Amino acid sequence: MGNDAFIVRHQSIPAVSDGSSDRAIINKFASQVCTDLILQFLLSGYMFHMQTGTEDAPVTTNGPLDDTKPIMVADCTSGAMMAILYEVSLSAHGTSTLIQAMLEADMDKARYSSGGTAFVPEQMNSAATGAAAANGTFYEISGGDITALAKSTVPASIEIARKSLSEDAIGDPAGAQMAIAEVFSIRNRLSPILTNPGSLCGHFGSATADVTGYASLDFAQFPAANAW
């Protein structure tokens with residue numbers, strides 16, 4: 001290691017094992033820091049963003065909530081992946097049955113089967129030199145309904161967050177308390193770490209009918225050696 005006490009590491013993060021040692025990390029401003037893990041994912045180029053619906057064009061969901069009818073699918077085909085944030089926004093609607101959103105993590109299989117529109121997750125640190133693109137299969141519902149494979153047997157497939165948004169017709173969603181919902185945040189609850197194959201499925205819909213709205217999913221994807 002030489003005589004250096006500190007080293008800058010944003011992307012060259014070693015897979016340090018239990019009981020081993022390494023030099024302390026400093027940031028590129030030469031400040032010694034204890035970096036929040038989520039911020040480090042961003043600095044290292046490991047953070048990605050997906051969304052469905054844009055500007056004034058919401059998407060139409062795929063009927064009642066069902067494991068085969070997600071509005072977004074993120075299949076991990078290399079390395080490790082974990083959920084960071086899942087949000088939905090509900091548009092005006094006339095549905096009088098329960099509307100819910102749910103984030104599902106499947107630890108046994110890649111779930112995408114057909115339909116939807118392929119999505120290239122956005123690298124959230126465009127300044128990261130040589131930052132990798134997301135590895136996997138990524139689809140959202142704007143181009144038509146998504147069909148996913150049936151979920152793995154529980155607990156290999158788990159709901160990591162669920163939120164009820166509305167049980168009444170809403171003419172003006174801006175005045176509704178649950179019109180915008182943070183369904184899942186790593187700040188509030190834990191995400192499983194998925195390896196290849198594994199899948200995050202974002203669900204959104206009512207008990208009996210389609211609704212319209214928007215959704216976004218942030219996730220981290222990093223070398224599997226850094227997960228343990």
# chains A, B, ... in the order shown; residues from 1 in each chain; ligands from 1

$ residues_around --residues "A:Ala132" --least-positions-apart "5" --cutoff "12 Å" --atoms "only C-alpha atoms" --output "PyMOL selection string"
chain A and resi 11+44-48+78-79+121-127+220-223

$ residues_around --residues "stretch 53-62 of chain A" --least-positions-apart "6" --cutoff "8 Å" --atoms "only C-alpha atoms" --output "ChimeraX atom specification"
/A:69-71,91,141-142,145-146,204-205,210-215

$ residues_around --residues "stretch 111-120 of chain A" --least-positions-apart "5" --cutoff "7 Å" --atoms "only C-alpha atoms" --output "list of chain:residue names"
A:Val73, A:Asp75, A:Phe138, A:Tyr139, A:Glu140, A:Ile141, A:Ser142, A:Gly143, A:Gly144, A:Asp145, A:Ile146, A:Thr147, A:Ala148, A:Leu149, A:Ser199

$ write_last_selection --atoms "N, CA and C atoms" --output "PDB file, in the first residue's frame"
ATOM      1  N   VAL A  73     -40.708  -2.768 -14.997  1.00  0.00           N
ATOM      2  CA  VAL A  73     -39.926  -3.944 -14.630  1.00  0.00           C
ATOM      3  C   VAL A  73     -38.449  -3.616 -14.805  1.00  0.00           C
ATOM      4  N   ASP A  75     -35.113  -5.837 -14.553  1.00  0.00           N
ATOM      5  CA  ASP A  75     -34.496  -7.144 -14.374  1.00  0.00           C
ATOM      6  C   ASP A  75     -32.984  -6.994 -14.305  1.00  0.00           C
ATOM      7  N   PHE A 138     -35.141  -3.628 -19.054  1.00  0.00           N
ATOM      8  CA  PHE A 138     -35.925  -2.589 -18.378  1.00  0.00           C
ATOM      9  C   PHE A 138     -37.082  -2.156 -19.278  1.00  0.00           C
ATOM     10  N   TYR A 139     -38.299  -2.219 -18.755  1.00  0.00           N
ATOM     11  CA  TYR A 139     -39.483  -1.872 -19.535  1.00  0.00           C
ATOM     12  C   TYR A 139     -40.446  -1.055 -18.689  1.00  0.00           C
ATOM     13  N   GLU A 140     -41.194  -0.149 -19.376  1.00  0.00           N
ATOM     14  CA  GLU A 140     -42.273   0.610 -18.741  1.00  0.00           C
ATOM     15  C   GLU A 140     -43.494   0.575 -19.638  1.00  0.00           C
ATOM     16  N   ILE A 141     -44.640   1.026 -19.125  1.00  0.00           N
ATOM     17  CA  ILE A 141     -45.934   0.699 -19.710  1.00  0.00           C
ATOM     18  C   ILE A 141     -46.423   1.674 -20.781  1.00  0.00           C
ATOM     19  N   SER A 142     -45.685   2.738 -21.079  1.00  0.00           N
ATOM     20  CA  SER A 142     -46.222   3.767 -21.972  1.00  0.00           C
ATOM     21  C   SER A 142     -46.534   3.257 -23.371  1.00  0.00           C
ATOM     22  N   GLY A 143     -45.864   2.221 -23.832  1.00  0.00           N
ATOM     23  CA  GLY A 143     -46.114   1.699 -25.173  1.00  0.00           C
ATOM     24  C   GLY A 143     -47.117   0.570 -25.220  1.00  0.00           C
ATOM     25  N   GLY A 144     -47.811   0.328 -24.130  1.00  0.00           N
ATOM     26  CA  GLY A 144     -48.776  -0.771 -24.071  1.00  0.00           C
ATOM     27  C   GLY A 144     -48.538  -1.612 -22.830  1.00  0.00           C
ATOM     28  N   ASP A 145     -49.515  -2.425 -22.501  1.00  0.00           N
ATOM     29  CA  ASP A 145     -49.443  -3.216 -21.275  1.00  0.00           C
ATOM     30  C   ASP A 145     -48.229  -4.135 -21.248  1.00  0.00           C
ATOM     31  N   ILE A 146     -47.646  -4.285 -20.060  1.00  0.00           N
ATOM     32  CA  ILE A 146     -46.539  -5.201 -19.840  1.00  0.00           C
ATOM     33  C   ILE A 146     -47.090  -6.527 -19.329  1.00  0.00           C
ATOM     34  N   THR A 147     -46.551  -7.611 -19.851  1.00  0.00           N
ATOM     35  CA  THR A 147     -46.830  -8.934 -19.305  1.00  0.00           C
ATOM     36  C   THR A 147     -45.567  -9.446 -18.637  1.00  0.00           C
ATOM     37  N   ALA A 148     -45.684  -9.771 -17.365  1.00  0.00           N
ATOM     38  CA  ALA A 148     -44.550 -10.305 -16.616  1.00  0.00           C
ATOM     39  C   ALA A 148     -44.789 -11.778 -16.312  1.00  0.00           C
ATOM     40  N   LEU A 149     -43.701 -12.482 -16.047  1.00  0.00           N
ATOM     41  CA  LEU A 149     -43.816 -13.862 -15.605  1.00  0.00           C
ATOM     42  C   LEU A 149     -44.421 -13.898 -14.202  1.00  0.00           C
ATOM     43  N   SER A 199     -35.368  -9.222  -9.889  1.00  0.00           N
ATOM     44  CA  SER A 199     -36.247  -8.270 -10.566  1.00  0.00           C
ATOM     45  C   SER A 199     -36.948  -7.353  -9.572  1.00  0.00           C
TER      46      SER A 199
END

$ atom_distance --atom1 "atom CA of A:Ser166" --atom2 "atom CA of A:Thr68"
22.4 Å

$ closest_atom_pairs --of "stretch 62-153 of chain A" --to "stretch 187-192 of chain A" --cutoff "8 Å" --atoms "only C-alpha atoms" --output "CSV"
residue,atom,partner,partner_atom,distance
A:Met82,CA,A:Ser191,CA,6.0
A:Ala83,CA,A:Ser191,CA,5.8
A:Ile84,CA,A:Ser191,CA,7.6
A:Ala105,CA,A:Pro192,CA,7.3

$ select_by_dssp --residues "stretch 2-226 of chain A" --states "strand (DSSP E)" --output "PyMOL selection string"
chain A and resi 6-8+24-26+47-52+59-60+72-76+80-90+99-106+112-115+117-118+122-123+136-140+146-148+157-166+180-185+194-195+198-206+212-222

$ closest_residue --among "A:Cys76, A:Ile7, A:Leu85, A:Ala131" --to "A:Asn196" --atoms "only C-alpha atoms"
A:Cys76

$ atom_distance --atom1 "atom CA of A:Ile160" --atom2 "atom CA of A:Thr35"
25.4 Å
